[in-house]
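Undergrad: Below is the file target-v8.txt, which contains compact mmCIF, C-alpha atoms.
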# COMPACT_ATOMS: atom_id res chain seq x y z
CA MET A 1 245.58 82.01 41.22
CA LYS A 2 247.86 83.28 43.98
CA LYS A 3 249.01 82.44 47.49
CA SER A 4 247.10 83.60 50.55
CA ARG A 5 249.00 86.12 52.62
CA TYR A 6 247.86 84.32 55.79
CA ASN A 7 249.56 80.95 55.42
CA LEU A 8 251.77 79.49 58.12
CA PHE A 9 253.95 76.43 57.49
CA LEU A 10 255.40 74.29 60.24
CA ASN A 11 258.12 71.74 59.61
CA LEU A 12 257.97 68.82 62.00
CA GLU A 13 260.43 65.96 62.17
CA ASP A 14 258.58 63.73 59.73
CA THR A 15 255.93 65.95 58.17
CA LYS A 16 254.91 69.49 57.24
CA LEU A 17 251.79 71.32 58.39
CA ALA A 18 249.99 74.14 56.64
CA PHE A 19 247.66 76.54 58.49
CA ASN A 20 245.57 79.31 56.93
CA GLY A 21 244.35 82.18 59.09
CA MET A 22 241.44 83.13 56.84
CA THR A 23 239.79 79.70 57.16
CA CYS A 24 241.65 78.26 60.21
CA ALA A 25 242.27 75.13 58.12
CA LEU A 26 245.12 72.87 59.26
CA ALA A 27 246.51 70.23 56.90
CA GLU A 28 249.35 67.77 56.61
CA VAL A 29 251.00 68.52 53.26
CA ASP A 30 253.49 66.76 51.02
CA GLY A 31 255.80 67.39 48.10
CA GLU A 32 252.95 67.60 45.59
CA PHE A 33 251.41 70.42 47.64
CA ASP A 34 254.76 72.22 47.76
CA LYS A 35 255.30 71.80 44.03
CA ILE A 36 251.95 73.32 43.08
CA TYR A 37 252.05 75.98 45.80
CA SER A 38 255.52 77.24 44.86
CA ASP A 39 254.48 77.94 41.27
CA ILE A 40 250.73 78.54 41.65
CA GLU A 41 250.85 81.87 39.81
CA ASN A 42 251.90 80.02 36.64
CA VAL A 43 249.65 76.98 36.85
CA ASP A 44 247.22 76.54 33.96
CA ILE A 45 244.29 74.56 35.32
CA ASN A 46 243.49 73.30 31.81
CA LEU A 47 246.90 71.66 31.40
CA ILE A 48 247.15 69.60 34.60
CA ASP A 49 245.93 66.09 35.43
CA GLU A 50 242.84 65.25 37.49
CA LYS A 51 244.86 64.45 40.62
CA SER A 52 246.47 67.90 40.57
CA LYS A 53 243.10 69.54 39.89
CA LYS A 54 241.69 67.81 42.97
CA LEU A 55 244.65 68.98 45.04
CA ILE A 56 244.21 72.56 43.83
CA SER A 57 240.50 72.38 44.68
CA ASP A 58 241.39 71.24 48.21
CA MET A 59 244.02 73.97 48.54
CA LYS A 60 241.43 76.58 47.55
CA ALA A 61 238.90 75.16 50.01
CA GLY A 62 241.49 75.48 52.76
CA GLY A 63 242.29 79.05 51.73
CA TYR A 64 245.96 78.34 50.97
CA ILE A 65 245.52 79.59 47.43
CA ILE A 66 242.97 82.13 46.22
CA ASP A 67 241.73 83.63 42.98
CA ASP A 68 243.75 86.49 41.52
CA THR A 69 240.84 88.88 42.09
CA CYS A 70 240.47 87.96 45.76
CA ASP A 71 241.33 90.80 48.18
CA GLU A 72 241.77 89.27 51.62
CA ILE A 73 241.99 92.62 53.38
CA LYS A 74 238.60 93.62 51.98
CA ILE A 75 237.17 90.32 53.17
CA LEU A 76 238.52 90.99 56.67
CA LYS A 77 237.08 94.50 56.63
CA TYR A 78 233.71 93.07 55.62
CA ARG A 79 233.82 90.47 58.40
CA ASN A 80 234.75 93.19 60.86
CA GLN A 81 231.89 95.47 59.83
CA ARG A 82 229.38 92.63 59.72
CA GLY A 83 230.35 91.60 63.26
CA LYS A 84 230.29 95.13 64.63
CA PHE A 85 226.90 95.99 63.21
CA ASP A 86 225.06 92.70 63.71
CA THR A 87 221.66 93.74 65.08
CA ASP A 88 219.98 90.33 65.35
CA PHE A 89 220.60 90.29 69.10
CA VAL A 90 221.03 92.46 72.17
CA SER A 91 223.66 91.65 74.78
CA LEU A 92 223.46 93.41 78.14
CA VAL A 93 226.08 93.10 80.85
CA ILE A 94 224.21 94.33 83.92
CA ALA A 95 225.82 95.31 87.22
CA PRO A 96 222.94 95.60 89.74
CA THR A 97 225.51 96.91 92.21
CA MET A 98 229.08 98.14 92.04
CA ALA A 99 229.59 97.22 95.70
CA CYS A 100 231.77 94.23 96.50
CA ASN A 101 232.37 92.08 99.57
CA PHE A 102 235.91 91.25 98.42
CA ALA A 103 239.10 93.31 98.34
CA CYS A 104 241.20 91.50 95.74
CA PRO A 105 244.61 93.19 95.30
CA TYR A 106 244.53 93.07 91.50
CA CYS A 107 240.96 94.39 91.05
CA TYR A 108 240.65 96.99 88.30
CA GLU A 109 237.30 98.39 89.50
CA LYS A 110 236.51 101.12 92.00
CA ALA A 111 233.85 99.77 94.35
CA LYS A 112 230.78 101.90 94.95
CA SER A 113 227.98 101.30 97.45
CA GLY A 114 224.32 101.12 96.50
CA ILE A 115 221.87 98.80 94.74
CA MET A 116 220.15 99.47 91.42
CA SER A 117 217.07 101.65 91.93
CA GLU A 118 213.57 100.67 90.84
CA LYS A 119 213.71 103.48 88.29
CA VAL A 120 216.76 101.98 86.57
CA GLN A 121 215.24 98.49 86.78
CA ASN A 122 212.04 99.68 85.09
CA LYS A 123 214.06 101.28 82.31
CA LEU A 124 215.94 98.03 81.76
CA ILE A 125 212.63 96.20 81.50
CA GLU A 126 211.51 98.72 78.90
CA ILE A 127 214.75 98.26 76.93
CA VAL A 128 214.39 94.48 76.96
CA GLU A 129 210.76 94.68 75.85
CA ASN A 130 211.59 97.02 72.96
CA SER A 131 214.46 94.74 71.98
CA ALA A 132 212.32 91.59 72.21
CA LYS A 133 209.93 93.07 69.66
CA MET A 134 212.69 93.31 67.05
CA LYS A 135 215.52 90.92 67.88
CA LYS A 136 216.09 87.18 67.66
CA ARG A 137 218.02 86.77 70.91
CA ILE A 138 218.63 88.58 74.18
CA ASP A 139 221.73 87.78 76.23
CA VAL A 140 222.20 88.97 79.80
CA THR A 141 225.30 88.66 81.95
CA TRP A 142 225.01 89.59 85.63
CA TYR A 143 228.13 91.40 86.71
CA GLY A 144 229.45 93.76 89.37
CA GLY A 145 230.92 94.64 91.83
CA GLU A 146 229.61 91.46 93.29
CA PRO A 147 226.21 90.84 91.70
CA LEU A 148 225.02 88.47 94.44
CA LEU A 149 224.86 91.43 96.82
CA ALA A 150 221.77 92.29 94.77
CA LYS A 151 220.15 88.86 94.44
CA LYS A 152 216.61 90.20 94.70
CA VAL A 153 217.23 92.56 91.79
CA ILE A 154 218.73 89.76 89.68
CA TYR A 155 215.84 87.37 90.27
CA SER A 156 213.16 90.03 89.88
CA LEU A 157 214.56 91.35 86.61
CA SER A 158 215.25 87.83 85.34
CA GLU A 159 211.61 86.88 85.84
CA LYS A 160 210.42 89.91 83.88
CA PHE A 161 213.01 89.45 81.11
CA ILE A 162 212.00 85.82 80.63
CA GLU A 163 208.30 86.73 80.53
CA LEU A 164 208.96 89.31 77.82
CA CYS A 165 211.08 86.95 75.73
CA GLU A 166 208.41 84.28 75.94
CA LYS A 167 205.75 86.83 75.02
CA TYR A 168 207.61 87.85 71.87
CA ASN A 169 209.04 84.39 71.12
CA VAL A 170 212.65 85.51 71.52
CA ASP A 171 215.56 83.34 72.73
CA TYR A 172 216.86 84.30 76.16
CA TYR A 173 220.25 83.38 77.59
CA ALA A 174 221.82 84.46 80.88
CA GLY A 175 225.03 83.98 82.80
CA ILE A 176 226.66 85.42 85.91
CA ILE A 177 230.18 86.36 86.95
CA THR A 178 230.52 86.11 90.72
CA ASN A 179 233.09 85.46 93.41
CA GLY A 180 230.76 82.70 94.62
CA TYR A 181 230.96 83.52 98.33
CA LEU A 182 227.33 84.61 98.76
CA LEU A 183 225.75 81.65 97.00
CA SER A 184 223.35 79.94 99.39
CA GLU A 185 221.30 76.77 99.40
CA GLY A 186 218.43 77.14 96.96
CA ASP A 187 220.25 79.46 94.57
CA GLU A 188 221.01 76.50 92.32
CA GLU A 189 217.29 75.96 91.72
CA LEU A 190 216.65 79.68 91.25
CA PHE A 191 219.49 79.80 88.71
CA LYS A 192 217.73 77.06 86.77
CA LYS A 193 214.37 78.79 87.08
CA TYR A 194 215.75 82.09 85.83
CA LYS A 195 217.89 80.51 83.08
CA ILE A 196 221.23 81.57 84.54
CA HIS A 197 223.03 78.72 82.86
CA ASP A 198 226.64 79.89 82.69
CA ILE A 199 228.25 80.62 86.06
CA GLN A 200 231.80 81.96 86.27
CA ILE A 201 233.47 81.75 89.68
CA THR A 202 237.05 82.70 90.43
CA ILE A 203 239.34 80.39 92.38
CA ASP A 204 242.91 81.67 92.38
CA GLY A 205 244.71 78.61 93.69
CA THR A 206 244.61 76.10 96.49
CA ARG A 207 243.41 77.20 99.92
CA ASP A 208 246.40 79.21 101.18
CA ILE A 209 247.12 80.97 97.88
CA HIS A 210 243.47 81.72 97.16
CA ASN A 211 242.86 83.13 100.64
CA LYS A 212 245.71 85.61 100.19
CA ARG A 213 244.22 86.90 96.95
CA ARG A 214 240.43 86.61 97.27
CA ILE A 215 239.98 88.51 100.52
CA LEU A 216 236.84 89.39 102.46
CA LYS A 217 236.66 93.15 102.78
CA LYS A 218 235.16 93.17 106.29
CA ASP A 219 237.15 90.22 107.66
CA PRO A 220 240.51 89.91 105.83
CA GLU A 221 241.72 87.09 108.08
CA LYS A 222 238.73 84.87 107.36
CA GLY A 223 239.46 82.64 104.42
CA THR A 224 237.00 82.45 101.52
CA PHE A 225 238.21 79.24 99.84
CA ASP A 226 236.23 76.63 101.78
CA THR A 227 232.92 78.50 101.53
CA ILE A 228 233.29 79.02 97.78
CA ILE A 229 234.27 75.40 97.16
CA THR A 230 231.20 74.21 99.10
CA ASN A 231 229.03 76.48 96.97
CA ILE A 232 230.66 75.27 93.74
CA GLU A 233 230.04 71.65 94.75
CA ARG A 234 226.35 72.37 95.32
CA LEU A 235 225.99 73.98 91.90
CA TYR A 236 228.01 71.23 90.24
CA ASN A 237 225.90 68.48 91.79
CA ALA A 238 222.79 70.31 90.57
CA GLY A 239 224.06 69.92 87.01
CA LEU A 240 224.79 73.59 86.33
CA GLU A 241 227.57 74.66 83.98
CA ILE A 242 230.41 76.22 85.95
CA ASP A 243 233.42 78.06 84.59
CA ILE A 244 236.27 78.22 87.07
CA ARG A 245 238.34 81.29 86.39
CA VAL A 246 241.94 81.24 87.63
CA ASN A 247 243.53 84.68 87.36
CA ILE A 248 247.21 83.93 86.95
CA ASP A 249 250.24 86.10 87.65
CA LYS A 250 253.72 85.58 89.08
CA ASN A 251 252.33 85.02 92.58
CA ASN A 252 250.14 81.99 91.90
CA ILE A 253 251.25 80.42 88.62
CA GLY A 254 253.24 77.75 90.46
CA ASP A 255 250.17 76.64 92.42
CA THR A 256 247.71 76.25 89.56
CA LYS A 257 248.42 72.59 88.78
CA GLU A 258 247.73 71.74 92.42
CA LEU A 259 244.35 73.41 92.10
CA ILE A 260 243.56 71.31 89.02
CA LEU A 261 244.47 68.15 90.94
CA PHE A 262 242.30 69.35 93.83
CA PHE A 263 239.23 69.42 91.57
CA LYS A 264 240.21 66.10 90.02
CA GLU A 265 240.33 64.47 93.47
CA LYS A 266 236.82 65.77 94.07
CA ASN A 267 235.66 64.09 90.82
CA MET A 268 234.72 67.45 89.31
CA THR A 269 236.36 66.99 85.94
CA LYS A 270 233.35 68.38 84.07
CA LEU A 271 234.23 71.86 85.32
CA ASN A 272 235.36 74.31 82.64
CA ILE A 273 238.65 75.71 83.95
CA ASN A 274 240.15 78.69 82.18
CA PHE A 275 243.05 80.98 82.93
CA GLY A 276 242.78 84.75 83.04
CA HIS A 277 245.71 87.07 82.46
CA VAL A 278 246.09 89.47 85.38
CA SER A 279 246.88 92.88 83.88
CA ALA A 280 247.20 96.44 85.12
CA TYR A 281 244.13 97.46 83.13
CA THR A 282 243.08 100.67 84.85
CA GLU A 283 244.23 103.42 87.19
CA PHE A 284 242.74 101.43 90.07
CA ASN A 285 245.21 98.53 89.74
CA GLU A 286 248.21 100.02 87.95
CA ASN A 287 250.37 99.26 91.01
CA ILE A 288 250.43 95.52 90.17
CA GLU A 289 252.36 95.88 86.91
CA ASN A 290 255.49 94.14 88.24
CA GLU A 291 253.47 91.13 89.39
CA CYS A 292 251.93 90.47 85.96
CA LEU A 293 253.18 87.90 83.48
CA SER A 294 254.18 89.19 80.07
CA MET A 295 251.81 88.17 77.30
CA ALA A 296 254.46 85.79 75.95
CA ASN A 297 254.85 84.09 79.34
CA TYR A 298 251.09 84.00 79.88
CA ALA A 299 250.59 82.38 76.47
CA ALA A 300 253.20 79.71 77.22
CA GLU A 301 251.90 78.98 80.72
CA SER A 302 248.28 78.90 79.57
CA LEU A 303 249.05 76.30 76.91
CA LEU A 304 250.90 74.11 79.42
CA LEU A 305 247.99 74.34 81.84
CA GLN A 306 245.49 73.43 79.12
CA GLU A 307 247.58 70.35 78.38
CA PHE A 308 247.68 69.47 82.08
CA LEU A 309 243.89 69.73 82.21
CA PHE A 310 243.57 67.44 79.21
CA GLU A 311 245.98 64.90 80.67
CA ASN A 312 243.97 64.80 83.88
CA GLY A 313 240.64 64.07 82.26
CA PHE A 314 238.93 67.46 82.18
CA ASP A 315 236.77 66.75 79.15
CA ALA A 316 235.53 70.36 78.83
CA SER A 317 238.98 71.96 78.99
CA GLY A 318 239.15 72.69 75.26
CA PHE A 319 242.72 71.48 74.72
CA PRO A 320 244.37 72.47 72.61
CA TYR A 321 242.79 75.89 72.44
CA TYR A 322 242.33 76.34 68.71
CA PRO A 323 242.04 79.65 66.85
CA GLY A 324 238.81 80.77 65.23
CA ILE A 325 237.93 83.34 62.61
CA LYS A 326 237.13 86.74 64.12
CA GLY A 327 234.85 89.47 62.85
CA ASN A 328 234.76 92.14 65.49
CA TYR A 329 236.76 91.47 68.64
CA CYS A 330 234.23 91.55 71.49
CA GLY A 331 231.25 93.42 72.93
CA ALA A 332 233.24 96.64 73.17
CA ASP A 333 233.16 97.05 69.38
CA SER A 334 229.65 95.68 68.89
CA ILE A 335 226.69 97.99 68.25
CA SER A 336 224.44 95.52 70.07
CA THR A 337 226.33 95.21 73.38
CA TYR A 338 226.46 97.47 76.42
CA VAL A 339 227.59 97.25 80.01
CA ILE A 340 225.12 98.97 82.37
CA ASP A 341 225.90 99.86 85.97
CA ALA A 342 223.60 100.32 88.98
CA GLU A 343 223.05 104.01 88.19
CA GLY A 344 222.09 103.36 84.59
CA TYR A 345 225.37 104.47 83.04
CA LYS A 346 226.29 102.67 79.82
CA TYR A 347 229.79 101.54 78.85
CA LYS A 348 231.30 99.71 75.92
CA CYS A 349 233.93 97.79 77.91
CA TRP A 350 233.75 95.76 81.13
CA ASN A 351 237.04 97.32 82.25
CA GLU A 352 235.35 100.72 82.49
CA VAL A 353 232.13 99.84 84.32
CA GLY A 354 231.52 102.16 87.25
CA ASN A 355 234.03 104.72 85.98
CA ILE A 356 231.51 107.36 84.91
CA LYS A 357 234.02 109.48 83.00
CA GLU A 358 234.31 106.57 80.53
CA ALA A 359 230.53 106.13 80.07
CA VAL A 360 228.90 106.37 76.64
CA GLY A 361 225.48 107.32 77.96
CA ASN A 362 222.84 106.68 80.61
CA ILE A 363 219.65 104.69 80.03
CA LEU A 364 217.65 107.23 82.06
CA ILE A 365 218.56 110.04 79.67
CA ASP A 366 217.08 110.33 76.19
CA SER A 367 219.68 109.83 73.47
CA GLU A 368 219.02 113.29 72.00
CA ASN A 369 220.23 114.77 75.28
CA TYR A 370 223.46 112.75 75.36
CA GLN A 371 226.62 114.67 76.11
CA ASP A 372 229.09 115.11 73.27
CA LYS A 373 231.73 113.22 75.26
CA TRP A 374 229.42 110.20 75.50
CA ILE A 375 228.80 110.18 71.77
CA SER A 376 232.51 110.63 71.04
CA ARG A 377 233.43 107.78 73.36
CA GLU A 378 231.09 105.33 71.66
CA ILE A 379 232.25 106.44 68.23
CA GLU A 380 235.84 105.78 69.30
CA TYR A 381 235.00 102.18 70.13
CA MET A 382 232.80 101.56 67.12
CA THR A 383 235.29 103.00 64.62
CA TRP A 384 238.37 101.44 66.16
CA ASN A 385 239.84 98.80 63.87
CA PRO A 386 243.19 97.16 63.12
CA PHE A 387 243.30 98.28 59.50
CA GLU A 388 244.82 101.63 60.36
CA ASN A 389 247.64 100.03 62.32
CA GLU A 390 250.81 99.14 60.41
CA LEU A 391 251.76 96.37 62.83
CA CYS A 392 248.38 94.67 62.40
CA MET A 393 248.31 95.11 58.63
CA SER A 394 251.66 93.35 58.28
CA CYS A 395 250.77 90.57 60.74
CA ASP A 396 250.07 87.07 59.43
CA ILE A 397 247.60 86.26 62.21
CA LEU A 398 245.33 89.28 61.70
CA PRO A 399 242.26 87.14 60.79
CA ILE A 400 242.31 85.35 64.16
CA CYS A 401 243.24 88.37 66.26
CA MET A 402 241.66 91.40 64.55
CA GLY A 403 243.86 93.81 66.40
CA GLY A 404 243.36 92.48 69.91
CA CYS A 405 241.54 94.15 72.79
CA PRO A 406 239.80 97.40 71.69
CA TYR A 407 240.15 98.75 75.24
CA ASN A 408 243.93 98.82 74.85
CA GLY A 409 243.63 100.58 71.53
CA VAL A 410 240.97 103.12 72.55
CA SER A 411 241.69 103.79 76.21
CA LYS A 412 245.44 103.25 76.33
CA GLY A 413 246.49 103.93 72.75
CA ASP A 414 248.76 100.94 73.22
CA GLN A 415 248.83 98.09 70.74
CA LYS A 416 249.14 94.80 72.62
CA CYS A 417 249.41 91.59 70.67
CA GLU A 418 247.22 88.64 71.60
CA ARG A 419 248.55 85.36 72.98
CA TRP A 420 248.21 83.81 69.53
CA LYS A 421 251.26 85.82 68.56
CA PHE A 422 253.25 83.69 70.98
CA SER A 423 251.45 80.35 71.12
CA LEU A 424 249.90 79.68 67.71
CA SER A 425 252.58 77.34 66.36
CA LYS A 426 252.67 75.22 69.50
CA SER A 427 248.86 75.06 69.64
CA LEU A 428 248.67 73.89 66.03
CA ILE A 429 251.29 71.20 66.60
CA LYS A 430 249.45 69.99 69.69
CA MET A 431 246.21 69.83 67.73
CA TYR A 432 247.88 67.85 64.95
CA GLU A 433 249.47 65.40 67.37
CA GLN A 434 246.19 64.88 69.19
CA LYS A 435 244.22 64.26 65.98
CA LYS A 436 246.89 61.92 64.64
CA GLU A 437 246.94 59.92 67.86
CA ALA A 438 243.14 59.61 67.78
CA MET A 439 243.32 58.17 64.26
CA GLU A 440 245.94 55.53 65.09
Turn the structure described in the file into structure tokens.
TA:
Amino acid sequence: MKKSRYNLFLNLEDTKLAFNGMTCALAEVDGEFDKIYSDIENVDINLIDEKSKKLISDMKAGGYIIDDTCDEIKILKYRNQRGKFDTDFVSLVIAPTMACNFACPYCYEKAKSGIMSEKVQNKLIEIVENSAKMKKRIDVTWYGGEPLLAKKVIYSLSEKFIELCEKYNVDYYAGIITNGYLLSEGDEELFKKYKIHDIQITIDGTRDIHNKRRILKKDPEKGTFDTIITNIERLYNAGLEIDIRVNIDKNNIGDTKELILFFKEKNMTKLNINFGHVSAYTEFNENIENECLSMANYAAESLLLQEFLFENGFDASGFPYYPGIKGNYCGADSISTYVIDAEGYKYKCWNEVGNIKEAVGNILIDSENYQDKWISREIEYMTWNPFENELCMSCDILPICMGGCPYNGVSKGDQKCERWKFSLSKSLIKMYEQKKEAME
């Protein structure tokens, strides 16, 4: 037997914790663990007592020790390939318009007028039907631009998608990412009817801060906060699942706790509140670089805010945010996921939607007529992996990070470590303290 290369040990005041990245196991360990672990290469399982055998069995189950023949890198490569090429499902991120009614200063998209044509809609219906014949699940996320500028398209396509999934006995799941301003009375019932169960709405702070960041394009002086909050309340009271997205940077980080208390005072503690890292992703928002938090600062602030949520009774806040085993990273490096814009162009990453030069195809064009640049772009995403990067290969959190955002690797050629690099130890300690307190 031998030690896993992905063990992390944390010495607290009165105990020691062991975490393994391959299994995400977290354990309180003692001197007996240390004694066996330190000399595991020389332990003869046939010469130890039953208590030690049981401990070794538990250590193996947690991944802290492994068989001599075990190659953890090969296991990670297998997980990565299995995740990338999982074909049991189809996930479509659909932007029925790239137009937007907001002019947010940190936006990474280039707005474009126009609504998805009937021709593109019909092709999407055809794609969903072909997928429903072969897959187990179809996921749809309505995106933009601002998708609610094209409500009729969303509801019409949703109806047809649901009919097809019912016809072929396939699971259907849908969500929407919206600024929430154009939600109107009755949409909550239509969301239920068309199975739009997960609704992400951005609120960037309390009224004054939010109104400076989430700005109406045609009327910059008219605040958007009150209208969006009214719309959120209507959805919340209808029992829909709402994710409040707070995009944090240097300009609003100091206001975020006040926003949490605002929702608490409204008795809306079942909201899922999460914190996005404002970054200069693309050429369209590269001017905001100086206003962004570093990843280390974002990781620290995010953990503190999660704790604040927990302390204030937000039961869906997921504190502490705990790591999980990763295969592939996201939809960008999944063979089964595409982002599709209003003109039918296909992309691998949300950051690139609407930027045609980064497309990997168009659903209106037969694949045999695809341009070489489209094919090359998709191949770049699907072959990108952390195993060719020295920094990743030497990193002890590779199993829970898997190289981070593929967009940074493919589009920017810039390796950017995930927040786990900066917050893992603190998150594990918080988890331990919470579990221990619950047991007392």
Undergrad: Go through stretch 284-397 of chain A residue by residue and, counting all atoms listed in the file, keep those with an atom at most 8 Å from stretch 96-100 of chain A; for each kept residue give the shortest atom pair and its distance in Å to one decimal, ordered by chain and increasing number, as a tab-separated table.
TA:
residue	atom	partner	partner_atom	distance
A:Asp341	CA	A:Pro96	CA	6.4
A:Ala342	CA	A:Pro96	CA	4.8
A:Gly354	CA	A:Met98	CA	6.7
Undergrad: For atom CA of A:Glu352 and atom CA of A:Glu109, quote the distance in Å rounded to one decimal.
TA: 7.6 Å
Undergrad: Would you pick out the contacts of A:Asn312 at 10 Å or less, using all atoms listed in the file, so that residues sharing its chain but fewer than 6 positions from it are not included, and give the list as a list in words?
TA: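 Near A:Asn312, the qualifying residues are Ile260, Leu261, Lys264, Thr269 and Gln306 of chain A.
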Undergrad: Measuring between all atoms listed in the file, which one of A:Ile400, A:Ile201, A:Val93, A:Ile40 shows the shortest distance to A:Leu182?
TA: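 Distance minimum relative to A:Leu182 lands on A:Ile201.
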Undergrad: Go ahead and compute the interatomic distance for atom CA of A:Ser91 and atom CA of A:Asp372, in Å to one decimal.
TA: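 Separating atom CA of A:Ser91 from atom CA of A:Asp372 is a distance of 24.1 Å.
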Undergrad: Have a look at A:Thr383, A:Ser302, A:Asn389, A:Asn179 and name the one nearest to A:Arg419; count all atoms listed in the file.
TA: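 For A:Arg419, the nearest of the given residues is A:Ser302.
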Undergrad: Report, in Å with one decimal, the straight-line distance from atom CA of A:Leu216 to atom CA of A:Thr141.
TA: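 Going from atom CA of A:Leu216 over to atom CA of A:Thr141 covers 23.5 Å.
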Undergrad: Would you list the contacts of A:Ser52 as a PyMOL selection string, taking every protein, DNA or RNA residue within 10 Å and counting only C-alpha atoms, but skipping same-chain residues closer than 6 positions in sequence?
TA: chain A and resi 32-33+36+45+58
Undergrad: If you keep C-alpha atoms, can you produce a file of those selected residues as a PDB file, in the frame of the given file?
TA:
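Below you can see result.pdb, which holds the result:
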ATOM      1  CA  GLU A  32     252.950  67.600  45.590  1.00  0.00           C
ATOM      2  CA  PHE A  33     251.410  70.420  47.640  1.00  0.00           C
ATOM      3  CA  ILE A  36     251.950  73.320  43.080  1.00  0.00           C
ATOM      4  CA  ILE A  45     244.290  74.560  35.320  1.00  0.00           C
ATOM      5  CA  ASP A  58     241.390  71.240  48.210  1.00  0.00           C
TER       6      ASP A  58
END
Undergrad: Please provide the set of residues having any atom within 8 Å of stretch 9-18 of chain A, restricted to all atoms listed in the file, with same-chain residues fewer than 6 positions apart removed, written as a PDB file with C-alpha atoms, in the frame of the given file.
TA:
ATOM      1  CA  ALA A  25     242.270  75.130  58.120  1.00  0.00           C
ATOM      2  CA  LEU A  26     245.120  72.870  59.260  1.00  0.00           C
ATOM      3  CA  ALA A  27     246.510  70.230  56.900  1.00  0.00           C
ATOM      4  CA  GLU A  28     249.350  67.770  56.610  1.00  0.00           C
ATOM      5  CA  VAL A  29     251.000  68.520  53.260  1.00  0.00           C
ATOM      6  CA  ASP A  30     253.490  66.760  51.020  1.00  0.00           C
ATOM      7  CA  SER A 425     252.580  77.340  66.360  1.00  0.00           C
TER       8      SER A 425
END
Undergrad: Check the smallest atom-to-atom distance from each of A:Val90, A:Asp171, A:Trp420, A:Lys119 to A:Tyr322 using only C-alpha atoms, then report the winner.
TA: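 Between A:Val90, A:Asp171, A:Trp420, A:Lys119, the residue approaching A:Tyr322 most closely is A:Trp420.
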Undergrad: What's the 10 Å shell around A:Cys292, counting only C-alpha atoms, without same-chain residues fewer than 4 positions away, as number ranges by chain?
TA: A: 106, 248-251, 277-280, 288, 297-298
Undergrad: Go ahead and dump the residues you just picked, C-alpha atoms, as a PDB file, keeping the file's coordinate frame.
TA:
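File produced: selection11.pdb:
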ATOM      1  CA  TYR A 106     244.530  93.070  91.500  1.00  0.00           C
ATOM      2  CA  ILE A 248     247.210  83.930  86.950  1.00  0.00           C
ATOM      3  CA  ASP A 249     250.240  86.100  87.650  1.00  0.00           C
ATOM      4  CA  LYS A 250     253.720  85.580  89.080  1.00  0.00           C
ATOM      5  CA  ASN A 251     252.330  85.020  92.580  1.00  0.00           C
ATOM      6  CA  HIS A 277     245.710  87.070  82.460  1.00  0.00           C
ATOM      7  CA  VAL A 278     246.090  89.470  85.380  1.00  0.00           C
ATOM      8  CA  SER A 279     246.880  92.880  83.880  1.00  0.00           C
ATOM      9  CA  ALA A 280     247.200  96.440  85.120  1.00  0.00           C
ATOM     10  CA  ILE A 288     250.430  95.520  90.170  1.00  0.00           C
ATOM     11  CA  ASN A 297     254.850  84.090  79.340  1.00  0.00           C
ATOM     12  CA  TYR A 298     251.090  84.000  79.880  1.00  0.00           C
TER      13      TYR A 298
END
Undergrad: Because the input lacks atoms here, generate N, CA, C and O atoms for stretch 367-374 of chain A and report them as a PDB file, keeping the file's coordinate frame.
TA:
ATOM      1  N   SER A 367     218.463 109.776  74.284  1.00  0.00           N
ATOM      2  CA  SER A 367     219.680 109.830  73.470  1.00  0.00           C
ATOM      3  C   SER A 367     219.907 111.209  72.855  1.00  0.00           C
ATOM      4  O   SER A 367     221.049 111.618  72.646  1.00  0.00           O
ATOM      5  N   GLU A 368     218.820 111.961  72.587  1.00  0.00           N
ATOM      6  CA  GLU A 368     219.020 113.290  72.000  1.00  0.00           C
ATOM      7  C   GLU A 368     219.637 114.275  72.989  1.00  0.00           C
ATOM      8  O   GLU A 368     220.121 115.343  72.601  1.00  0.00           O
ATOM      9  N   ASN A 369     219.627 113.906  74.260  1.00  0.00           N
ATOM     10  CA  ASN A 369     220.230 114.770  75.280  1.00  0.00           C
ATOM     11  C   ASN A 369     221.601 114.267  75.735  1.00  0.00           C
ATOM     12  O   ASN A 369     222.142 114.734  76.721  1.00  0.00           O
ATOM     13  N   TYR A 370     222.143 113.287  74.998  1.00  0.00           N
ATOM     14  CA  TYR A 370     223.460 112.750  75.360  1.00  0.00           C
ATOM     15  C   TYR A 370     224.533 113.831  75.238  1.00  0.00           C
ATOM     16  O   TYR A 370     224.500 114.678  74.343  1.00  0.00           O
ATOM     17  N   GLN A 371     225.494 113.749  76.143  1.00  0.00           N
ATOM     18  CA  GLN A 371     226.620 114.670  76.110  1.00  0.00           C
ATOM     19  C   GLN A 371     227.528 114.316  74.938  1.00  0.00           C
ATOM     20  O   GLN A 371     227.644 113.155  74.544  1.00  0.00           O
ATOM     21  N   ASP A 372     228.192 115.336  74.404  1.00  0.00           N
ATOM     22  CA  ASP A 372     229.090 115.110  73.270  1.00  0.00           C
ATOM     23  C   ASP A 372     230.180 114.095  73.627  1.00  0.00           C
ATOM     24  O   ASP A 372     230.574 113.288  72.789  1.00  0.00           O
ATOM     25  N   LYS A 373     230.655 114.138  74.873  1.00  0.00           N
ATOM     26  CA  LYS A 373     231.730 113.220  75.260  1.00  0.00           C
ATOM     27  C   LYS A 373     231.250 111.772  75.244  1.00  0.00           C
ATOM     28  O   LYS A 373     232.018 110.852  74.965  1.00  0.00           O
ATOM     29  N   TRP A 374     229.970 111.555  75.554  1.00  0.00           N
ATOM     30  CA  TRP A 374     229.420 110.200  75.500  1.00  0.00           C
ATOM     31  C   TRP A 374     229.384 109.700  74.067  1.00  0.00           C
ATOM     32  O   TRP A 374     229.777 108.580  73.773  1.00  0.00           O
TER      33      TRP A 374
END
